[in-house]
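Trainee: File my_file_34.txt below, compact mmCIF, C-alpha atoms and all ligand atoms:
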```
# COMPACT_ATOMS: atom_id res chain seq x y z
CA MET A 1 77.38 91.79 -52.06
CA LEU A 2 80.52 89.80 -51.32
CA VAL A 3 83.76 91.40 -52.45
CA LEU A 4 87.07 89.55 -52.60
CA GLY A 5 89.93 92.04 -52.21
CA ILE A 6 93.47 91.24 -53.34
CA GLU A 7 96.58 93.28 -52.49
CA SER A 8 100.16 92.60 -53.61
CA SER A 9 101.64 96.03 -54.35
CA CYS A 10 104.62 95.79 -52.03
CA ASP A 11 105.84 93.26 -49.48
CA GLU A 12 102.54 92.00 -48.05
CA THR A 13 100.27 89.55 -49.79
CA ALA A 14 96.75 90.20 -48.57
CA VAL A 15 93.31 88.75 -49.29
CA ALA A 16 90.02 89.80 -47.68
CA VAL A 17 86.33 89.09 -47.96
CA VAL A 18 84.14 92.11 -47.28
CA GLU A 19 80.35 91.99 -47.32
CA VAL A 20 78.48 95.14 -48.24
CA GLY A 21 74.78 95.11 -47.50
CA LYS A 22 71.87 97.43 -46.81
CA LYS A 23 72.83 97.62 -43.13
CA GLY A 24 76.44 98.54 -43.80
CA LEU A 25 79.53 96.47 -44.26
CA SER A 26 81.33 93.75 -42.44
CA VAL A 27 84.84 92.41 -42.84
CA ARG A 28 84.31 88.66 -43.02
CA SER A 29 88.05 87.96 -43.20
CA SER A 30 91.22 89.95 -43.76
CA LEU A 31 94.49 88.04 -43.99
CA VAL A 32 97.97 89.42 -44.51
CA ALA A 33 101.04 87.29 -45.27
CA SER A 34 103.96 89.52 -44.37
CA GLN A 35 107.30 89.04 -46.14
CA VAL A 36 109.21 91.17 -43.62
CA ALA A 37 111.36 88.24 -42.43
CA PHE A 38 112.63 87.62 -45.98
CA HIS A 39 113.55 91.27 -46.61
CA ARG A 40 114.95 92.05 -43.16
CA PRO A 41 118.47 90.69 -43.88
CA PHE A 42 118.72 93.22 -46.74
CA GLY A 43 117.49 96.19 -44.65
CA GLY A 44 114.74 96.94 -47.19
CA ILE A 45 112.48 95.39 -49.80
CA VAL A 46 114.10 93.32 -52.55
CA PRO A 47 111.62 93.50 -55.47
CA GLU A 48 112.40 90.09 -56.95
CA ILE A 49 111.99 88.34 -53.59
CA ALA A 50 108.69 90.20 -53.12
CA SER A 51 107.28 88.96 -56.44
CA ARG A 52 108.32 85.36 -55.81
CA LYS A 53 106.83 85.31 -52.31
CA HIS A 54 103.52 86.66 -53.62
CA VAL A 55 103.44 83.83 -56.19
CA GLU A 56 104.13 81.26 -53.48
CA VAL A 57 101.43 82.28 -51.02
CA ILE A 58 98.57 83.96 -52.88
CA TYR A 59 96.52 80.87 -53.69
CA ALA A 60 96.70 79.36 -50.19
CA LEU A 61 96.01 82.76 -48.60
CA CYS A 62 92.92 83.19 -50.76
CA GLN A 63 91.62 79.76 -49.76
CA GLU A 64 92.25 80.57 -46.11
CA ALA A 65 90.46 83.94 -46.38
CA LEU A 66 87.41 82.23 -47.93
CA ARG A 67 87.46 79.51 -45.26
CA GLU A 68 87.65 82.09 -42.46
CA ALA A 69 84.82 84.09 -44.01
CA ARG A 70 82.78 80.86 -44.45
CA VAL A 71 82.23 81.77 -48.06
CA GLU A 72 82.45 79.56 -51.16
CA LEU A 73 84.48 81.04 -53.99
CA SER A 74 81.40 80.71 -56.22
CA ALA A 75 79.48 83.10 -53.89
CA ILE A 76 81.88 86.00 -54.54
CA ASP A 77 80.14 88.81 -56.46
CA LEU A 78 83.07 91.10 -57.23
CA LEU A 79 86.86 90.92 -57.45
CA ALA A 80 88.81 94.00 -56.37
CA VAL A 81 92.54 94.24 -56.94
CA THR A 82 95.29 96.81 -56.44
CA ASN A 83 96.81 97.55 -59.85
CA GLY A 84 99.10 100.41 -58.75
CA PRO A 85 101.10 102.21 -57.61
CA GLY A 86 103.73 99.79 -56.35
CA LEU A 87 106.35 97.29 -57.44
CA VAL A 88 105.42 96.15 -60.95
CA GLY A 89 106.56 92.55 -60.47
CA SER A 90 104.52 92.33 -57.26
CA LEU A 91 101.40 94.00 -58.67
CA VAL A 92 101.37 91.64 -61.65
CA VAL A 93 100.96 88.64 -59.32
CA GLY A 94 97.80 89.96 -57.63
CA VAL A 95 96.34 91.34 -60.85
CA SER A 96 96.89 88.09 -62.79
CA PHE A 97 95.39 86.09 -59.94
CA ALA A 98 92.35 88.40 -59.77
CA LYS A 99 91.89 88.25 -63.54
CA ALA A 100 91.95 84.46 -63.47
CA LEU A 101 89.28 84.41 -60.73
CA ALA A 102 87.11 86.97 -62.51
CA TYR A 103 87.34 85.01 -65.74
CA GLY A 104 86.69 81.65 -64.09
CA LEU A 105 83.76 82.94 -62.03
CA ASN A 106 82.45 85.22 -64.77
CA LYS A 107 82.32 88.14 -62.28
CA SER A 108 83.31 91.79 -62.53
CA LEU A 109 86.79 92.97 -61.67
CA SER A 110 87.39 96.45 -60.25
CA PRO A 111 90.86 98.00 -60.33
CA VAL A 112 91.91 99.79 -57.14
CA ASP A 113 94.49 102.51 -56.59
CA HIS A 114 96.48 101.58 -53.49
CA VAL A 115 96.66 105.15 -52.19
CA LYS A 116 92.91 105.66 -52.58
CA ALA A 117 92.37 102.36 -50.76
CA HIS A 118 94.38 103.69 -47.77
CA SER A 119 92.18 106.82 -47.76
CA LEU A 120 89.01 104.73 -47.69
CA ALA A 121 90.15 102.24 -45.01
CA ILE A 122 88.28 104.31 -42.40
CA PHE A 123 84.97 103.13 -43.94
CA LEU A 124 85.77 99.61 -42.69
CA GLU A 125 85.15 101.00 -39.22
CA LYS A 126 82.51 103.68 -39.77
CA PRO A 127 80.95 105.75 -42.52
CA ILE A 128 82.05 109.38 -42.55
CA GLU A 129 80.73 112.32 -44.50
CA PHE A 130 82.26 113.78 -47.65
CA PRO A 131 84.13 115.96 -48.40
CA PHE A 132 87.18 115.45 -46.22
CA ILE A 133 90.93 115.96 -46.32
CA SER A 134 92.92 112.75 -46.48
CA LEU A 135 96.51 112.47 -45.30
CA VAL A 136 98.06 109.23 -46.53
CA VAL A 137 101.36 108.46 -44.81
CA SER A 138 102.99 105.15 -45.67
CA GLY A 139 106.29 103.62 -46.72
CA GLY A 140 105.73 104.58 -50.34
CA HIS A 141 103.51 107.66 -50.13
CA THR A 142 103.01 110.89 -48.24
CA ALA A 143 100.26 113.01 -49.72
CA LEU A 144 97.29 115.23 -48.92
CA PHE A 145 94.06 114.89 -50.91
CA LEU A 146 90.71 116.55 -51.06
CA VAL A 147 88.26 113.62 -51.14
CA LYS A 148 84.88 114.59 -52.58
CA SER A 149 83.47 111.08 -52.92
CA PRO A 150 84.90 107.54 -52.64
CA THR A 151 86.17 107.72 -56.21
CA GLU A 152 87.13 111.41 -56.39
CA HIS A 153 90.54 112.25 -54.94
CA TYR A 154 92.24 115.55 -55.76
CA LEU A 155 95.93 115.85 -54.94
CA LEU A 156 96.77 118.90 -52.77
CA GLY A 157 100.40 118.17 -51.98
CA GLN A 158 102.86 115.33 -51.71
CA THR A 159 106.42 114.53 -50.75
CA ARG A 160 109.12 115.79 -53.07
CA ASP A 161 111.52 113.02 -52.04
CA ASP A 162 111.15 110.33 -49.36
CA ALA A 163 107.81 109.21 -47.95
CA ALA A 164 107.42 109.57 -44.17
CA GLY A 165 107.54 105.79 -43.63
CA GLU A 166 110.58 105.55 -45.87
CA ALA A 167 112.29 108.16 -43.65
CA PHE A 168 111.45 106.04 -40.57
CA ASP A 169 112.92 102.99 -42.33
CA LYS A 170 116.09 104.80 -43.48
CA VAL A 171 116.74 106.38 -40.08
CA ALA A 172 116.29 102.98 -38.41
CA LYS A 173 118.74 101.49 -40.90
CA LEU A 174 121.41 104.11 -40.24
CA LEU A 175 120.95 103.59 -36.49
CA ASP A 176 121.24 99.81 -37.02
CA LEU A 177 117.85 99.20 -35.45
CA GLY A 178 116.44 96.80 -38.06
CA TYR A 179 113.57 96.74 -40.52
CA PRO A 180 110.84 97.99 -40.83
CA GLY A 181 111.88 101.09 -38.94
CA GLY A 182 108.55 102.67 -38.00
CA PRO A 183 107.51 100.36 -35.16
CA LEU A 184 111.13 100.05 -33.89
CA ILE A 185 111.71 103.82 -33.73
CA SER A 186 108.28 104.30 -32.20
CA ARG A 187 109.02 101.83 -29.39
CA LEU A 188 112.39 103.44 -28.53
CA ALA A 189 110.88 106.93 -28.77
CA GLU A 190 108.49 106.12 -25.94
CA THR A 191 111.31 106.40 -23.38
CA GLY A 192 113.16 109.24 -25.13
CA GLU A 193 113.09 113.00 -24.68
CA ALA A 194 112.52 114.82 -27.94
CA SER A 195 113.70 118.20 -26.63
CA LYS A 196 117.25 116.91 -26.09
CA ILE A 197 117.99 116.90 -29.84
CA ASP A 198 117.23 119.69 -32.27
CA LEU A 199 116.10 118.50 -35.71
CA PRO A 200 114.71 120.53 -38.64
CA ARG A 201 111.00 120.75 -39.60
CA PRO A 202 111.36 120.52 -43.39
CA MET A 203 109.08 122.54 -45.71
CA LEU A 204 107.24 124.39 -42.97
CA ASP A 205 108.40 127.71 -44.45
CA SER A 206 107.09 126.83 -47.89
CA PRO A 207 103.50 127.98 -48.51
CA ASP A 208 102.44 124.88 -50.50
CA LEU A 209 101.19 121.60 -49.10
CA ASP A 210 104.22 119.56 -50.16
CA PHE A 211 106.50 117.60 -47.86
CA SER A 212 110.17 116.64 -47.84
CA PHE A 213 111.75 114.13 -45.49
CA SER A 214 115.18 113.44 -46.97
CA GLY A 215 116.71 116.49 -45.23
CA LEU A 216 115.48 115.22 -41.88
CA LYS A 217 117.13 111.88 -42.55
CA THR A 218 120.36 113.70 -43.53
CA ALA A 219 120.24 115.72 -40.29
CA VAL A 220 120.11 112.42 -38.36
CA LEU A 221 122.98 111.06 -40.46
CA ASN A 222 125.08 114.19 -39.80
CA LEU A 223 124.48 113.87 -36.07
CA VAL A 224 125.51 110.21 -36.11
CA ARG A 225 128.64 111.01 -38.15
CA SER A 226 129.57 114.01 -36.00
CA GLY A 227 130.60 111.73 -33.16
CA ARG A 228 128.56 113.83 -30.70
CA ALA A 229 127.21 111.79 -27.82
CA PHE A 230 123.45 111.19 -27.80
CA MET A 231 120.98 108.63 -26.55
CA VAL A 232 119.29 106.63 -29.31
CA HIS A 233 115.87 106.84 -27.71
CA ASP A 234 116.15 110.65 -27.49
CA LEU A 235 117.02 110.76 -31.19
CA CYS A 236 114.06 108.49 -32.00
CA ALA A 237 111.73 110.74 -30.00
CA ALA A 238 113.13 113.88 -31.68
CA PHE A 239 112.81 112.36 -35.15
CA GLU A 240 109.27 111.11 -34.54
CA THR A 241 108.24 114.49 -33.13
CA ALA A 242 109.69 116.35 -36.13
CA VAL A 243 107.77 114.09 -38.57
CA CYS A 244 104.54 114.45 -36.56
CA GLU A 245 104.79 118.25 -36.39
CA VAL A 246 105.28 118.62 -40.13
CA LEU A 247 102.42 116.23 -40.94
CA MET A 248 100.11 118.03 -38.52
CA GLU A 249 100.94 121.54 -39.66
CA LYS A 250 100.49 120.77 -43.37
CA SER A 251 97.19 118.96 -42.65
CA ARG A 252 96.00 121.92 -40.59
CA ARG A 253 96.83 124.28 -43.47
CA ALA A 254 95.04 122.03 -45.99
CA LEU A 255 91.89 122.04 -43.85
CA LYS A 256 92.08 125.81 -43.47
CA GLN A 257 92.66 126.46 -47.17
CA LEU A 258 89.66 124.36 -48.14
CA GLY A 259 87.48 125.49 -45.27
CA LEU A 260 87.00 121.94 -44.01
CA LYS A 261 86.98 120.46 -40.51
CA ARG A 262 87.17 116.75 -41.34
CA LEU A 263 90.48 114.88 -41.68
CA VAL A 264 91.28 111.20 -42.24
CA VAL A 265 94.83 109.98 -41.54
CA SER A 266 95.79 106.58 -43.00
CA GLY A 267 98.72 104.44 -44.22
CA GLY A 268 101.32 102.51 -42.24
CA VAL A 269 102.68 105.57 -40.39
CA ALA A 270 99.15 106.31 -39.13
CA ALA A 271 99.67 103.31 -36.83
CA ASN A 272 102.18 105.51 -34.96
CA ARG A 273 101.05 106.28 -31.42
CA ARG A 274 102.60 109.73 -31.11
CA LEU A 275 101.00 110.74 -34.42
CA ARG A 276 97.58 109.53 -33.28
CA GLU A 277 97.89 111.32 -29.94
CA SER A 278 99.19 114.54 -31.51
CA PHE A 279 96.31 114.66 -34.00
CA ALA A 280 93.79 113.90 -31.25
CA LYS A 281 95.10 116.95 -29.34
CA LEU A 282 94.95 119.10 -32.47
CA ALA A 283 91.36 117.98 -33.05
CA GLU A 284 90.44 119.04 -29.55
CA THR A 285 92.14 122.45 -29.61
CA GLU A 286 90.97 123.38 -33.12
CA GLY A 287 87.53 121.79 -33.06
CA LEU A 288 88.33 119.33 -35.87
CA GLU A 289 87.06 115.84 -36.63
CA VAL A 290 90.14 113.62 -37.07
CA TYR A 291 89.71 109.95 -37.95
CA PHE A 292 92.25 107.14 -37.95
CA PRO A 293 91.41 103.63 -39.16
CA PRO A 294 92.25 100.94 -36.59
CA PRO A 295 96.01 100.17 -36.81
CA VAL A 296 95.44 96.82 -38.64
CA TYR A 297 93.72 98.73 -41.44
CA CYS A 298 96.42 101.45 -41.50
CA THR A 299 99.16 99.11 -42.70
CA ASP A 300 98.70 97.25 -45.99
CA ASN A 301 95.65 94.99 -46.09
CA ALA A 302 93.10 93.76 -48.60
CA ALA A 303 89.94 94.78 -46.72
CA MET A 304 90.64 98.39 -47.74
CA VAL A 305 91.10 97.19 -51.33
CA ALA A 306 87.76 95.35 -51.21
CA ILE A 307 85.87 98.41 -49.98
CA ALA A 308 87.62 100.73 -52.47
CA GLY A 309 86.83 98.20 -55.24
CA TYR A 310 83.20 98.14 -54.21
CA TYR A 311 82.99 101.93 -54.60
CA GLU A 312 84.77 101.77 -57.97
CA PHE A 313 82.25 99.15 -59.10
CA MET A 314 79.33 101.31 -57.95
CA ALA A 315 80.81 104.20 -59.96
CA GLY A 316 80.95 101.93 -63.03
CA ASN A 317 84.69 101.35 -63.01
CA THR A 318 85.36 97.75 -63.98
CA ALA A 319 88.25 96.30 -65.93
CA ASP A 320 88.56 93.63 -68.60
CA LEU A 321 91.32 91.05 -68.94
CA LYS A 322 93.64 93.63 -70.51
CA LEU A 323 93.97 95.42 -67.14
CA ASP A 324 97.56 96.60 -66.69
CA VAL A 325 99.52 97.69 -63.61
CA TYR A 326 101.31 101.01 -62.93
CA ALA A 327 104.36 101.74 -60.79
CA ARG A 328 104.02 105.43 -60.02
CA SER A 329 101.24 107.43 -58.46
CA GLN A 330 98.74 108.61 -61.06
CA PHE A 331 97.80 111.82 -59.25
O1 LIG A 401 101.01 101.33 -45.61
P1 LIG A 401 102.19 100.45 -45.45
O2 LIG A 401 101.98 99.13 -44.76
O3 LIG A 401 102.86 100.13 -46.82
C1 LIG A 401 102.99 101.07 -47.85
O4 LIG A 401 101.99 101.29 -48.60
O5 LIG A 401 104.09 101.67 -47.94
O6 LIG A 401 103.29 101.31 -44.67
C2 LIG A 401 104.51 100.77 -44.28
C3 LIG A 401 105.32 101.86 -43.61
C4 LIG A 401 106.75 101.46 -43.28
O7 LIG A 401 107.62 102.47 -43.74
C5 LIG A 401 106.76 101.36 -41.75
O8 LIG A 401 108.02 101.68 -41.19
C6 LIG A 401 105.70 102.37 -41.38
O9 LIG A 401 104.69 102.23 -42.37
N1 LIG A 401 105.12 102.11 -40.04
C7 LIG A 401 105.23 102.96 -39.01
C8 LIG A 401 104.61 102.32 -37.90
N2 LIG A 401 104.12 101.11 -38.32
C9 LIG A 401 104.44 101.01 -39.64
N3 LIG A 401 105.81 104.17 -38.92
C10 LIG A 401 105.79 104.79 -37.73
N4 LIG A 401 105.24 104.25 -36.61
C11 LIG A 401 104.64 103.03 -36.66
N5 LIG A 401 104.09 102.52 -35.54
ZN ZN A 402 100.25 100.94 -48.36
```
As a first step, turn the structure in this file into structure tokens.
Mentor:
Amino acid sequence: MLVLGIESSCDETAVAVVEVGKKGLSVRSSLVASQVAFHRPFGGIVPEIASRKHVEVIYALCQEALREARVELSAIDLLAVTNGPGLVGSLVVGVSFAKALAYGLNKSLSPVDHVKAHSLAIFLEKPIEFPFISLVVSGGHTALFLVKSPTEHYLLGQTRDDAAGEAFDKVAKLLDLGYPGGPLISRLAETGEASKIDLPRPMLDSPDLDFSFSGLKTAVLNLVRSGRAFMVHDLCAAFETAVCEVLMEKSRRALKQLGLKRLVVSGGVAANRRLRESFAKLAETEGLEVYFPPPVYCTDNAAMVAIAGYYEFMAGNTADLKLDVYARSQF
């Protein structure tokens, strides 16, 4: 079965062809057209620019993805598209494009939740057993789920304010480092010493599985405004360490509460090296199985949408041409 995945929920247009067969699956192509250069001057995503750029590139990107996969459009069996959560004007572009293809090809269309797609990205690399705990950490989302099957996600906790990636981006902005902040902070943190700066570990005292990152960002802002001398790379290391510790501790508690040993960490922030290393250590000391998708499938991509759409289709979830988009998480 050949699945064409389409993703346009934020600032990346992505198209992928994923083949699912008896022997497993293979990613035949996975292309991402990043809009970062257009948003960088504004220090964040400008929704109207995002929508317009999706409109400009989606057709050519789809053709290129088919060419790279050596697949004719007519051979596609299923269309899978992200219809939320995300920027409405951006989502509408991908959804309209997918509807047009489904109508023209007379093929099924499966709607995909972007957050669920992040959770399932690991299956692009290897199959893992259910149930598991999923930690999704991206620019728009930070949440813990119990995943019982590819289509059954139960929310355990989520951020009450900023997402972890958003905190990386905001801290980078207030330090004048550029956009997006995650990779920039991560690079500087490599040569910094986290112990030189004391930052809070928000929500660790609260017994639930929720997160909060805006206080951490404010602590960085207060330090910058205080006029106290500090080295930027030490601050980056301290910030990154604080985020990692909170994410690890809440994940550990989720596993314990549900009596599980299997954890999947995904989303853009899961590309972070310190986070990957910290979780690998935790896995070793606590006898856990911790899985990270390869970094290219952690950040936004359409291969994860294709595989999530395949599972939705297998569970009987297909959409007609009235399919709408949604901005906010539905969990
Ligand atoms: O999953 P994603 O591509 O888009 C959303 O669904 O939001 O995640 C983007 C986020 C951005 O906030 C970016 O700063 C962060 O992921 N990010 C990172 C790293 N690479 C990307 N954060 C920390 N370390 C990284 N290496
Ligand atoms: Zn994402």
Trainee: Show me, as CSV, the residues of chain A having an atom within 10 Å of ligand LIG 401 (chain A), each with the closest atom pair and its distance in Å, using only C-alpha atoms and all ligand atoms.
Mentor:
```
residue,atom,partner,partner_atom,distance
A:Ser9,CA,A:LIG401,O4,7.8
A:Cys10,CA,A:LIG401,C1,6.9
A:Asp11,CA,A:LIG401,O3,7.9
A:Glu12,CA,A:LIG401,O2,7.9
A:Ser34,CA,A:LIG401,O2,9.8
A:Gly44,CA,A:LIG401,O7,9.7
A:Pro85,CA,A:LIG401,O4,9.1
A:Gly86,CA,A:LIG401,O4,8.1
A:His114,CA,A:LIG401,O4,7.4
A:Val115,CA,A:LIG401,O4,7.5
A:Ala117,CA,A:LIG401,O4,9.9
A:His118,CA,A:LIG401,O1,7.4
A:Val136,CA,A:LIG401,O1,8.5
A:Val137,CA,A:LIG401,O1,7.2
A:Ser138,CA,A:LIG401,O6,4.0
A:Gly139,CA,A:LIG401,O5,3.2
A:Gly140,CA,A:LIG401,O5,4.1
A:His141,CA,A:LIG401,O5,6.4
A:Thr142,CA,A:LIG401,O5,9.3
A:Ala163,CA,A:LIG401,O7,7.9
A:Ala164,CA,A:LIG401,O7,7.1
A:Gly165,CA,A:LIG401,O7,3.3
A:Glu166,CA,A:LIG401,O7,4.8
A:Ala167,CA,A:LIG401,O7,7.4
A:Phe168,CA,A:LIG401,O8,5.6
A:Asp169,CA,A:LIG401,O8,5.2
A:Lys170,CA,A:LIG401,O7,8.8
A:Val171,CA,A:LIG401,O8,10.0
A:Ala172,CA,A:LIG401,O8,8.8
A:Tyr179,CA,A:LIG401,O8,7.5
A:Pro180,CA,A:LIG401,O8,4.7
A:Gly181,CA,A:LIG401,O8,4.5
A:Gly182,CA,A:LIG401,N3,3.3
A:Pro183,CA,A:LIG401,N5,4.1
A:Leu184,CA,A:LIG401,N5,7.6
A:Ile185,CA,A:LIG401,N4,7.1
A:Ser186,CA,A:LIG401,N4,5.4
A:Arg187,CA,A:LIG401,N5,7.9
A:Glu240,CA,A:LIG401,C10,7.9
A:Val243,CA,A:LIG401,C10,9.5
A:Cys244,CA,A:LIG401,C10,9.8
A:Ser266,CA,A:LIG401,O1,7.9
A:Gly267,CA,A:LIG401,O1,4.1
A:Gly268,CA,A:LIG401,O6,3.4
A:Val269,CA,A:LIG401,N3,3.7
A:Ala270,CA,A:LIG401,C11,6.9
A:Ala271,CA,A:LIG401,N5,4.7
A:Asn272,CA,A:LIG401,N5,3.6
A:Arg273,CA,A:LIG401,N5,6.4
A:Arg274,CA,A:LIG401,N4,8.2
A:Leu275,CA,A:LIG401,N4,8.1
A:Arg276,CA,A:LIG401,N5,9.8
A:Pro295,CA,A:LIG401,N2,8.3
A:Val296,CA,A:LIG401,O2,9.2
A:Tyr297,CA,A:LIG401,O1,8.8
A:Cys298,CA,A:LIG401,O1,6.2
A:Thr299,CA,A:LIG401,O2,3.5
A:Asp300,CA,A:LIG401,O2,4.0
A:Asn301,CA,A:LIG401,O2,7.7
```
Trainee: Quick check, in Å to one decimal: how far apart do CA of Ala327 in chain A and CA of Val92 in chain A lie?
Mentor: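 Answer for the CA of Ala327 in chain A to CA of Val92 in chain A separation: 10.6 Å.
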Trainee: Find the residues around Phe211 in chain A up to 7 Å (all atoms listed in the file counted), leave out those fewer than 3 positions away in its own chain, and share them as a PyMOL selection string.
Mentor: chain A and resi 158-160+203
Trainee: Have a look at A:Val17, A:Val305, A:Leu199, A:Ala254 and name the one nearest to ligand ZN 402 (chain A); count all atoms listed in the file.
Mentor: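 Ranked by minimum distance to ligand ZN 402 (chain A), first place goes to A:Val305.
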Trainee: For Val264 in chain A, find every residue with an atom within 8 Å (counting all atoms listed in the file), except residues of its own chain fewer than 4 positions away, and show them as a ChimeraX atom specification.
Mentor: /A:119,122,132-135,290-292
Trainee: What does the distance from CA of Lys196 in chain A to CA of Met231 in chain A come to in Å, to one decimal?
Mentor: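 It comes out at 9.1 Å.
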Trainee: Considering only C-alpha atoms and all ligand atoms, can you say which of A:Phe230, A:Met304, A:Asp210, A:Ser30 comes closest to ligand ZN 402 (chain A)?
Mentor: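 Nearest to ligand ZN 402 (chain A): A:Met304.
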Trainee: Mind pulling up the distance from CA of His39 in chain A to CA of Glu68 in chain A?
Mentor: 27.8 Å
